[in-house]
Structures are given as C-alpha cells and as structure tokens.
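Engineer: This is the content of coords22.txt (compact mmCIF, C-alpha atoms):
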```txt
# COMPACT_ATOMS: atom_id res chain seq x y z
CA MET S 1 3.97 4.95 -11.10
CA LYS S 2 3.69 1.73 -9.16
CA ALA S 3 1.90 -1.15 -10.90
CA TYR S 4 1.26 -4.77 -9.99
CA LEU S 5 1.86 -7.46 -12.58
CA THR S 6 0.44 -10.95 -12.25
CA ARG S 7 1.45 -13.92 -14.35
CA ARG S 8 -0.37 -17.24 -14.25
CA TYR S 9 1.34 -20.62 -14.49
CA LEU S 10 -0.09 -24.12 -14.55
CA PHE S 11 1.42 -27.25 -13.10
CA SER S 12 0.21 -30.66 -12.07
CA ALA S 13 1.42 -32.60 -9.07
CA SER S 14 0.34 -35.27 -6.63
CA HIS S 15 0.39 -35.23 -2.86
CA ARG S 16 -0.86 -36.96 0.23
CA LEU S 17 -1.86 -35.05 3.32
CA HIS S 18 -0.46 -36.95 6.27
CA SER S 19 1.27 -35.81 9.44
CA ASP S 20 3.69 -38.10 11.26
CA ALA S 21 2.80 -36.20 14.43
CA MET S 22 -0.75 -37.59 14.35
CA SER S 23 -2.15 -41.07 14.86
CA ASP S 24 -3.71 -42.85 11.88
CA THR S 25 -7.17 -42.09 13.24
CA GLU S 26 -6.31 -38.42 13.70
CA ASN S 27 -4.85 -38.24 10.19
CA ALA S 28 -7.96 -39.81 8.69
CA LEU S 29 -10.15 -37.46 10.69
CA THR S 30 -8.12 -34.35 9.83
CA TYR S 31 -7.38 -34.93 6.17
CA GLY S 32 -10.26 -37.17 5.06
CA LYS S 33 -9.90 -38.37 1.47
CA CYS S 34 -6.65 -36.45 1.14
CA ASN S 35 -5.07 -38.92 3.57
CA ASN S 36 -5.42 -41.80 1.07
CA PRO S 37 -1.97 -43.50 1.30
CA TYR S 38 -1.54 -43.64 -2.47
CA GLY S 39 -1.97 -39.90 -2.88
CA HIS S 40 -3.92 -38.00 -5.50
CA GLY S 41 -3.24 -35.11 -7.87
CA HIS S 42 -4.32 -31.63 -8.84
CA ASN S 43 -3.90 -29.21 -11.70
CA TYR S 44 -2.58 -26.25 -9.75
CA ARG S 45 -2.91 -22.70 -10.99
CA LEU S 46 -0.23 -20.39 -9.66
CA ASP S 47 -0.52 -16.59 -9.84
CA VAL S 48 2.69 -14.70 -9.09
CA THR S 49 2.25 -10.97 -8.45
CA VAL S 50 5.23 -8.63 -8.57
CA SER S 51 5.19 -4.87 -8.19
CA GLY S 52 7.36 -1.86 -8.86
CA GLY S 53 7.64 1.42 -10.67
CA VAL S 54 6.96 1.22 -14.40
CA ASP S 55 10.34 1.73 -16.09
CA GLN S 56 10.11 4.84 -18.29
CA ALA S 57 12.23 3.36 -21.05
CA THR S 58 10.59 -0.06 -21.34
CA GLY S 59 7.08 0.57 -19.97
CA MET S 60 7.52 -2.53 -17.82
CA VAL S 61 7.51 -3.47 -14.14
CA CYS S 62 9.81 -6.32 -15.05
CA ASN S 63 10.60 -8.18 -18.23
CA LEU S 64 8.34 -11.23 -18.50
CA VAL S 65 11.20 -13.19 -20.01
CA ASP S 66 13.03 -12.91 -16.66
CA LEU S 67 9.98 -13.86 -14.59
CA ASP S 68 8.98 -16.74 -16.87
CA GLY S 69 12.55 -18.03 -16.94
CA PHE S 70 12.87 -17.96 -13.15
CA VAL S 71 9.50 -19.61 -12.50
CA GLN S 72 10.18 -22.30 -15.10
CA ARG S 73 13.62 -23.09 -13.70
CA GLU S 74 12.98 -22.76 -9.97
CA ILE S 75 9.32 -23.71 -9.56
CA LEU S 76 7.81 -25.57 -12.51
CA ASP S 77 10.85 -27.76 -13.15
CA ARG S 78 10.84 -28.56 -9.43
CA PHE S 79 7.14 -29.32 -8.86
CA ASP S 80 5.43 -30.03 -12.20
CA LEU S 81 4.53 -33.70 -12.65
CA GLU S 82 6.13 -34.57 -9.31
CA ASN S 83 4.91 -36.09 -6.08
CA LEU S 84 5.19 -33.17 -3.65
CA ASN S 85 5.70 -35.47 -0.66
CA THR S 86 9.00 -36.63 -2.13
CA ARG S 87 10.40 -33.11 -2.49
CA THR S 88 12.84 -31.75 0.10
CA GLU S 89 10.62 -28.67 0.54
CA PHE S 90 8.06 -30.95 2.20
CA SER S 91 10.37 -33.20 4.21
CA GLN S 92 9.26 -31.37 7.38
CA THR S 93 5.83 -30.06 6.42
CA VAL S 94 2.60 -31.49 5.01
CA PRO S 95 2.18 -30.47 1.33
CA THR S 96 -1.10 -28.66 1.80
CA THR S 97 -1.68 -25.80 -0.62
CA GLU S 98 -1.03 -23.41 2.28
CA ASN S 99 2.47 -24.86 2.68
CA LEU S 100 2.95 -24.93 -1.10
CA CYS S 101 2.20 -21.18 -1.12
CA LEU S 102 4.83 -20.62 1.59
CA ALA S 103 7.42 -22.76 -0.23
CA ILE S 104 6.89 -21.01 -3.57
CA TYR S 105 6.87 -17.57 -1.95
CA ASP S 106 10.15 -18.44 -0.25
CA ILE S 107 11.79 -19.56 -3.51
CA LEU S 108 10.72 -16.37 -5.28
CA GLN S 109 11.60 -14.14 -2.34
CA ARG S 110 15.14 -15.56 -2.14
CA GLY S 111 15.95 -15.78 -5.82
CA PHE S 112 13.92 -13.40 -7.97
CA THR S 113 15.61 -10.02 -8.05
CA HIS S 114 14.04 -8.25 -11.04
CA ALA S 115 10.97 -6.88 -9.18
CA HIS S 116 9.43 -6.81 -5.71
CA LEU S 117 7.49 -9.96 -4.90
CA GLU S 118 4.01 -8.95 -3.82
CA LYS S 119 2.15 -12.22 -3.35
CA VAL S 120 1.63 -15.79 -4.43
CA ARG S 121 -1.81 -17.23 -5.06
CA ILE S 122 -2.53 -20.89 -5.78
CA GLU S 123 -5.77 -22.47 -6.90
CA GLU S 124 -5.80 -26.13 -5.98
CA THR S 125 -9.18 -26.69 -7.61
CA MET S 126 -11.76 -24.35 -9.06
CA MET S 127 -13.34 -24.29 -5.63
CA ASN S 128 -10.43 -23.27 -3.42
CA SER S 129 -7.46 -20.94 -3.53
CA PHE S 130 -4.77 -19.74 -1.13
CA GLU S 131 -2.76 -16.53 -0.98
CA TYR S 132 0.44 -15.60 0.81
CA ALA S 133 2.18 -12.23 0.88
CA GLY S 134 4.79 -12.78 3.59
CA ALA S 135 4.48 -10.19 6.33
CA ALA S 136 2.59 -7.78 4.09
CA GLU S 137 -1.15 -7.40 3.95
CA ILE S 138 -2.93 -8.50 0.79
CA GLN S 139 -4.49 -5.67 -1.24
CA PRO S 140 -8.27 -6.14 -1.57
CA MET M 1 -17.01 0.12 2.49
CA VAL M 2 -18.15 -1.95 -0.48
CA TYR M 3 -16.11 -2.68 -3.60
CA LEU M 4 -17.86 -2.98 -6.94
CA THR M 5 -16.20 -4.28 -10.10
CA ARG M 6 -17.39 -3.74 -13.63
CA LYS M 7 -15.90 -5.79 -16.43
CA ALA M 8 -15.49 -4.80 -20.08
CA GLU M 9 -13.73 -6.27 -23.07
CA PHE M 10 -11.95 -4.65 -25.95
CA ALA M 11 -9.69 -5.75 -28.77
CA ALA M 12 -6.70 -3.72 -29.88
CA SER M 13 -3.31 -4.03 -31.47
CA HIS M 14 0.05 -2.68 -30.37
CA TYR M 15 3.81 -3.11 -30.59
CA TYR M 16 6.66 -2.30 -28.23
CA HIS M 17 9.36 0.05 -29.44
CA ASN M 18 11.47 2.70 -27.77
CA PRO M 19 13.01 5.16 -30.29
CA ASP M 20 15.84 5.81 -27.80
CA PHE M 21 16.97 2.19 -28.07
CA THR M 22 19.00 0.80 -30.96
CA PRO M 23 17.18 -1.71 -33.22
CA GLU M 24 19.21 -4.50 -31.53
CA GLU M 25 18.20 -3.29 -28.04
CA ASN M 26 14.55 -3.06 -29.08
CA ARG M 27 14.64 -6.61 -30.40
CA ARG M 28 16.49 -7.94 -27.36
CA ILE M 29 14.23 -6.28 -24.77
CA PHE M 30 10.87 -6.56 -26.49
CA GLY M 31 11.35 -9.76 -28.51
CA LYS M 32 8.46 -10.60 -30.82
CA CYS M 33 6.46 -7.66 -29.43
CA ASN M 34 8.84 -5.36 -31.34
CA ASN M 35 7.38 -6.33 -34.74
CA PRO M 36 6.45 -2.86 -36.16
CA ASN M 37 3.34 -4.18 -37.88
CA GLY M 38 1.86 -4.85 -34.45
CA HIS M 39 -0.15 -7.73 -33.05
CA GLY M 40 -3.41 -7.88 -31.16
CA HIS M 41 -5.07 -9.01 -27.95
CA ASN M 42 -8.54 -9.41 -26.54
CA TYR M 43 -8.17 -7.30 -23.43
CA THR M 44 -10.39 -7.69 -20.40
CA LEU M 45 -10.72 -4.64 -18.21
CA GLU M 46 -11.94 -4.73 -14.62
CA VAL M 47 -12.66 -1.42 -12.97
CA THR M 48 -13.21 -1.52 -9.22
CA VAL M 49 -14.80 1.40 -7.39
CA LYS M 50 -15.43 1.68 -3.67
CA GLY M 51 -17.83 3.56 -1.48
CA GLU M 52 -20.50 3.34 1.14
CA VAL M 53 -23.85 1.87 0.18
CA ASP M 54 -26.40 4.63 -0.30
CA PRO M 55 -29.17 3.82 2.20
CA ARG M 56 -31.94 4.91 -0.18
CA SER M 57 -30.81 3.32 -3.47
CA GLY M 58 -28.78 0.44 -2.02
CA PHE M 59 -26.07 1.28 -4.58
CA VAL M 60 -22.39 2.08 -4.23
CA VAL M 61 -22.54 3.68 -7.65
CA ASP M 62 -25.07 4.02 -10.43
CA LEU M 63 -23.96 1.20 -12.73
CA ARG M 64 -25.48 2.80 -15.78
CA GLN M 65 -23.40 5.91 -15.21
CA LEU M 66 -20.25 3.84 -14.66
CA LYS M 67 -20.89 1.91 -17.85
CA GLU M 68 -21.39 5.12 -19.82
CA ILE M 69 -18.10 6.55 -18.55
CA LEU M 70 -16.29 3.29 -19.35
CA ASN M 71 -17.72 3.22 -22.84
CA ARG M 72 -16.92 6.83 -23.57
CA GLU M 73 -13.49 7.13 -21.98
CA VAL M 74 -12.05 3.70 -22.68
CA LEU M 75 -13.91 1.51 -25.14
CA ASP M 76 -14.73 4.17 -27.74
CA ALA M 77 -11.10 5.29 -27.64
CA MET M 78 -9.37 1.90 -27.57
CA ASP M 79 -11.62 -0.85 -28.93
CA HIS M 80 -10.51 -2.00 -32.38
CA ARG M 81 -7.67 0.52 -32.45
CA PHE M 82 -3.93 0.39 -33.02
CA LEU M 83 -2.88 1.72 -29.60
CA ASN M 84 0.50 3.13 -30.72
CA ARG M 85 -1.04 5.29 -33.45
CA GLU M 86 -4.58 6.01 -32.34
CA VAL M 87 -4.48 6.57 -28.59
CA PRO M 88 -2.67 9.83 -27.73
CA GLU M 89 -1.11 8.55 -24.47
CA PHE M 90 0.92 6.05 -26.45
CA SER M 91 2.58 8.53 -28.78
CA THR M 92 5.12 9.03 -25.98
CA ARG M 93 4.64 5.92 -23.81
CA ILE M 94 5.00 2.28 -24.81
CA PRO M 95 1.57 0.56 -24.77
CA THR M 96 2.57 -2.21 -22.37
CA THR M 97 -0.18 -3.60 -20.16
CA GLU M 98 1.37 -1.62 -17.29
CA ASN M 99 1.03 1.67 -19.17
CA LEU M 100 -2.42 0.72 -20.43
CA ALA M 101 -3.64 0.24 -16.83
CA ILE M 102 -2.15 3.62 -15.87
CA ALA M 103 -3.69 5.40 -18.90
CA ILE M 104 -7.13 3.91 -18.17
CA TRP M 105 -6.85 4.93 -14.51
CA GLN M 106 -5.97 8.49 -15.53
CA ARG M 107 -8.88 8.63 -17.97
CA LEU M 108 -11.38 7.39 -15.37
CA ALA M 109 -10.14 9.01 -12.15
CA THR M 110 -11.16 12.53 -13.17
CA LYS M 111 -14.52 11.47 -14.59
CA LEU M 112 -15.92 9.41 -11.72
CA ASN M 113 -17.61 11.57 -9.15
CA ALA M 114 -20.07 9.32 -7.31
CA ALA M 115 -17.65 6.59 -6.25
CA GLN M 116 -13.93 6.44 -5.66
CA LEU M 117 -11.77 4.54 -8.12
CA HIS M 118 -9.98 1.70 -6.29
CA ARG M 119 -8.30 -0.47 -8.87
CA VAL M 120 -7.86 -0.86 -12.60
CA ARG M 121 -7.02 -4.39 -13.71
CA VAL M 122 -6.16 -5.13 -17.34
CA TYR M 123 -5.84 -8.67 -18.62
CA GLU M 124 -3.74 -8.84 -21.78
CA THR M 125 -4.26 -12.61 -21.97
CA PRO M 126 -5.95 -14.94 -19.47
CA ASP M 127 -2.56 -15.65 -17.88
CA LEU M 128 -1.26 -12.09 -17.59
CA PHE M 129 -2.75 -9.07 -15.91
CA VAL M 130 -1.68 -5.77 -14.35
CA ASP M 131 -3.23 -3.97 -11.38
CA PHE M 132 -2.90 -0.22 -10.84
CA TYR M 133 -4.13 1.46 -7.65
CA GLY M 134 -3.15 5.03 -8.54
CA GLU M 135 0.04 4.83 -6.48
CA ALA M 136 2.82 7.25 -7.41
```
Translate the structure described by the file into structure tokens.
Structural biologist:
Amino acid sequence: MKAYLTRRYLFSASHRLHSDAMSDTENALTYGKCNNPYGHGHNYRLDVTVSGGVDQATGMVCNLVDLDGFVQREILDRFDLENLNTRTEFSQTVPTTENLCLAIYDILQRGFTHAHLEKVRIEETMMNSFEYAGAAEIQP
Amino acid sequence: MVYLTRKAEFAASHYYHNPDFTPEENRRIFGKCNNPNGHGHNYTLEVTVKGEVDPRSGFVVDLRQLKEILNREVLDAMDHRFLNREVPEFSTRIPTTENLAIAIWQRLATKLNAAQLHRVRVYETPDLFVDFYGEA
C-alpha cells in the first residue's frame, strides 16, 4: 500500500532578489520591493512529501526521526536565520522561492535515502506558495 | 473533472507497538509513541472525491450523503476512541497515520457510489499529514 507522508517545517531567512545579469533599472522593475539592497525576511513554511509502501512491521512509510534529523541537519541548520544570498546554494541563482524549492529538493534528493522524495512545497507568505517535484508531475 | 473535499475532525488515542518486536526494538523504533497507556491527537480528515458536475443539480456529489457516510463509517467508529482497542482494523495493524489513512479509504471506497474517491488525507497534527490515493 503506497502512502504519501508530509511533514511541515518552519524556518526564517532573509533574502534580496537581484540579478547581476540585469541593469539596476531592470532589477527594480522585475523585483520591485524585493530588490531593496538591504534585503528583507520571511517566515517560510516547508512541506516535504515522501512516499512509499507502508512497512508491514512498523506501519510507517519512513521513520519521522530519520526525516526530522535529516531536514534539521541538512536544511534548517543551513538556512534558518540566515541570509540566503550569502549561501553557496545561491551564488549563481537568485534566491526566489522557486529557486529555494529547487535547492531544497536537490539536497533531499541527493541525501535522504529512507523514502522516495515526492515533492517539496514552500509557502513564502500566507498568500503564495511554490511546489517542485523534479521531473514528476504533482498529484492534484 | 471536479474535485470536492470535505473536512471532518475527530479525536482519538493510540500507541505504537508491534508484538513481533522485542521491548527494546519497540522503544527504539516507536520512541514515546510506544507508551502502552496511549496518547491522543485531534485528527483532521480531508476526503476528496472527483466526478463530473451533474448538469441538473450542479453537484459533483450530494454533500449531505457524503457527510452521512463520513459520520457513519469514520467518525462514529473512531471519534473519542482508543484506536488500538476499539477499531477492528488496528487489532492487527499499527494505528500509524499511514494505516489510519488506508483504513479510512477502505471504509469509504465501498460505500461511495455517486462519486469516485480520489484522496484521503489525515492530519495527525498541523505539521504532519498522510495522503492515500488507493494505490497498491
């Protein structure tokens, strides 16, 4: 029996949306208030969805201790209360929430081995959210 | 195709224990959830059905009927119950949120006739939920 398990994590970080490939005018036009040189912050809400058969012996898709430990070590310790622009993950890309989704998906995809990674969803504010599932389609 | 989701809440207690494991294994794998006296949650259940909109009623499904089935099959059986002892499915399966989603799916799938069951989502806490789509 295949089930999908989603765990929610909270972290806070600051960022500035600015592309070196654009002129100052273009940056201001493209990113608006988010281009403010001093940056600004969000309380991000991250939903990690993993899937797999429910283990007969444990009743689990994966042990939450393993998922929580990995996310704490590899994602929250890396991004919580940090300025995203200063992180190596964003040395080449603008730390939009789209790119944050890709970066977090990549970290999980490479390192988390206890269950199949289904998708990553991030709410930047209550009004917007982003999802990434790699090459797979997102289940409605 | 339109997807309709009905939400319901219930409160229940449970504990995680596999009689095939040693007491040490049970404690190591299930941690605090292995406490035999159980502990409780306020569960939120979201049942999603799908179907075409009936041109005369404008409905995918009669909500009253869906609510009745939910009440009878799930809430009456599980609300304010000790899942391990009082819900038959969990005499042989551990009442994890995964198995709860599967049990609720199995209870509903045979009873819904107007619309097709699409997804059962069970929140154990606001930061943890399981989706089951009936996949083998």
Engineer: Can you measure atom CA of Asn37 of chain M to atom CA of Gly52 of chain S for me? One decimal in Å is fine.
Structural biologist: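 Value for the atom CA of Asn37 of chain M-atom CA of Gly52 of chain S distance: 29.4 Å.
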Engineer: For Gly59 of chain S, which residue out of S:Ala3, S:Leu46, S:Ala133, S:Leu84 is the nearest one, using all atoms listed in the file?
Structural biologist: S:Ala3
Engineer: Find, counting all atoms listed in the file, the residue in M:Leu117, M:Val49, M:Ala8, M:Ile102 that gets nearest to chain S.
Structural biologist: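 Smallest distance to chain S is found for M:Ile102.
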Engineer: Can you pull out every residue within 7 Å of Arg81 of chain M, counting all atoms listed in the file, but drop anything in the same chain fewer than 3 positions away, and send it as a list in words?
Structural biologist: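 Close residues of Arg81 of chain M: Ala12, Ser13, Met78 and Glu86 of chain M.
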Engineer: I need the residues from that last selection saved to file as a PDB file, in the frame of the given file (with C-alpha atoms), if you can.
Structural biologist:
```pdb
ATOM      1  CA  ALA M  12      -6.700  -3.720 -29.880  1.00  0.00           C
ATOM      2  CA  SER M  13      -3.310  -4.030 -31.470  1.00  0.00           C
ATOM      3  CA  MET M  78      -9.370   1.900 -27.570  1.00  0.00           C
ATOM      4  CA  GLU M  86      -4.580   6.010 -32.340  1.00  0.00           C
TER       5      GLU M  86
END
```
Engineer: Taking only C-alpha atoms into account, what are the residues of chain M at most 6 Å from chain S, put as an MDAnalysis selection string?
Structural biologist: chainID M and resid 94 96 127:132 135:136
Engineer: With all atoms listed in the file as the atoms that count, which of M:Ile29, M:Arg107, M:Asn71, M:Pro95 lies nearest to Arg6 of chain M?
Structural biologist: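 Closest to Arg6 of chain M of all the choices is M:Asn71.
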Engineer: If I take atom CA of Glu118 of chain S and atom CA of Asn43 of chain S, how far is one from the other in Å, to one decimal?
Structural biologist: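 Atom CA of Glu118 of chain S sits 23.1 Å away from atom CA of Asn43 of chain S.
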Engineer: Between atom CA of Glu124 of chain S and atom CA of Lys50 of chain M, what is the distance in Å, rounded to a tenth?
Structural biologist: 29.5 Å
Engineer: Neighbours of Cys34 of chain S within 7 Å (only C-alpha atoms; same-chain residues fewer than 2 positions away dropped), as number ranges by chain?
Structural biologist: S: 16-17, 31-32, 36
Engineer: For Cys101 of chain S, work out the shell of residues within 7 Å, counting only C-alpha atoms and skipping chain neighbours fewer than 2 positions away, then give it as a list of chain:residue names.
Structural biologist: S:Thr97, S:Glu98, S:Asn99, S:Ala103, S:Ile104, S:Tyr105, S:Val120, S:Arg121, S:Ile122, S:Glu131, S:Tyr132
Engineer: Take the residues just selected and output them with C-alpha atoms as a PDB file, keeping the file's coordinate frame.
Structural biologist:
```pdb
ATOM      1  CA  THR S  97      -1.680 -25.800  -0.620  1.00  0.00           C
ATOM      2  CA  GLU S  98      -1.030 -23.410   2.280  1.00  0.00           C
ATOM      3  CA  ASN S  99       2.470 -24.860   2.680  1.00  0.00           C
ATOM      4  CA  ALA S 103       7.420 -22.760  -0.230  1.00  0.00           C
ATOM      5  CA  ILE S 104       6.890 -21.010  -3.570  1.00  0.00           C
ATOM      6  CA  TYR S 105       6.870 -17.570  -1.950  1.00  0.00           C
ATOM      7  CA  VAL S 120       1.630 -15.790  -4.430  1.00  0.00           C
ATOM      8  CA  ARG S 121      -1.810 -17.230  -5.060  1.00  0.00           C
ATOM      9  CA  ILE S 122      -2.530 -20.890  -5.780  1.00  0.00           C
ATOM     10  CA  GLU S 131      -2.760 -16.530  -0.980  1.00  0.00           C
ATOM     11  CA  TYR S 132       0.440 -15.600   0.810  1.00  0.00           C
TER      12      TYR S 132
END
```
Engineer: Which neighbours of Asp62 of chain M fall inside 9 Å, counting all atoms listed in the file, when residues of the same chain fewer than 5 positions from it are skipped, and could you give them as an MDAnalysis selection string?
Structural biologist: chainID M and resid 67 114:115
Engineer: Need the shell around Ala11 of chain M: protein/DNA/RNA residues with any atom at most 10 Å away, counting only C-alpha atoms. Skip same-chain ones fewer than 3 positions apart. Format as a list of chain:residue names?
Structural biologist: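 Near neighbours after the sequence-gap exclusion: M:Gly40, M:His41, M:Asn42, M:Tyr43, M:Thr44, M:Leu75, M:Met78, M:Asp79, M:His80, M:Arg81, M:Phe82, M:Glu124.
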Engineer: With 9 Å as the threshold, what does the neighbourhood of (14.1, -22.3, -7.8) contain in terms of residues, counting all atoms listed in the file? Coordinates are those of the file; answer as a compact mmCIF listing (two decimals) with C-alpha atoms, in the frame of the given file.
Structural biologist:
```
# COMPACT_ATOMS: atom_id res chain seq x y z
CA PHE S 70 12.87 -17.96 -13.15
CA VAL S 71 9.50 -19.61 -12.50
CA GLN S 72 10.18 -22.30 -15.10
CA ARG S 73 13.62 -23.09 -13.70
CA GLU S 74 12.98 -22.76 -9.97
CA ILE S 75 9.32 -23.71 -9.56
CA LEU S 76 7.81 -25.57 -12.51
CA ASP S 77 10.85 -27.76 -13.15
CA ARG S 78 10.84 -28.56 -9.43
CA ILE S 104 6.89 -21.01 -3.57
CA ILE S 107 11.79 -19.56 -3.51
CA LEU S 108 10.72 -16.37 -5.28
CA ARG S 110 15.14 -15.56 -2.14
CA GLY S 111 15.95 -15.78 -5.82
CA PHE S 112 13.92 -13.40 -7.97
```
Engineer: Can you work out which one of M:Val122, M:Val53, M:Leu45, M:Ala101 has the shortest atom-to-atom distance to Tyr3 of chain M, counting all atoms listed in the file?
Structural biologist: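 Going through M:Val122, M:Val53, M:Leu45, M:Ala101 one by one, the smallest distance to Tyr3 of chain M is for M:Val53.
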Engineer: Neighbourhood query: residues within 12 Å of (-9.3, 7.2, -12.8), file coordinates, counting only C-alpha atoms; return as a PyMOL selection string.
Structural biologist: chain M and resi 47-49+66+69-70+73-74+101-113+115-121+132-135
Engineer: Give the answer as one residue: which of M:Thr5, M:Asn84, M:Asn26, M:Asn99 has the shortest atom-to-atom distance to His39 of chain M, using all atoms listed in the file?
Structural biologist: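 So, comparing all the options, the nearest one is M:Asn84.
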Engineer: Of the residues S:Met127, S:Gly134, S:Leu67, S:Glu82, which is the one nearest to Ala115 of chain S, using all atoms listed in the file?
Structural biologist: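 Answer, going by the shortest atom-to-atom distance: S:Leu67.
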Engineer: Around all of segment 26-31 of chain M's listed atoms, make the axis-aligned box with 4 Å on each side and tell me centre and edge lengths in Å to one decimal, as lines of an AutoDock Vina configuration file.
Structural biologist:
```
center_x = 13.7
center_y = -6.4
center_z = -27.6
size_x = 13.6
size_y = 14.7
size_z = 13.6
```
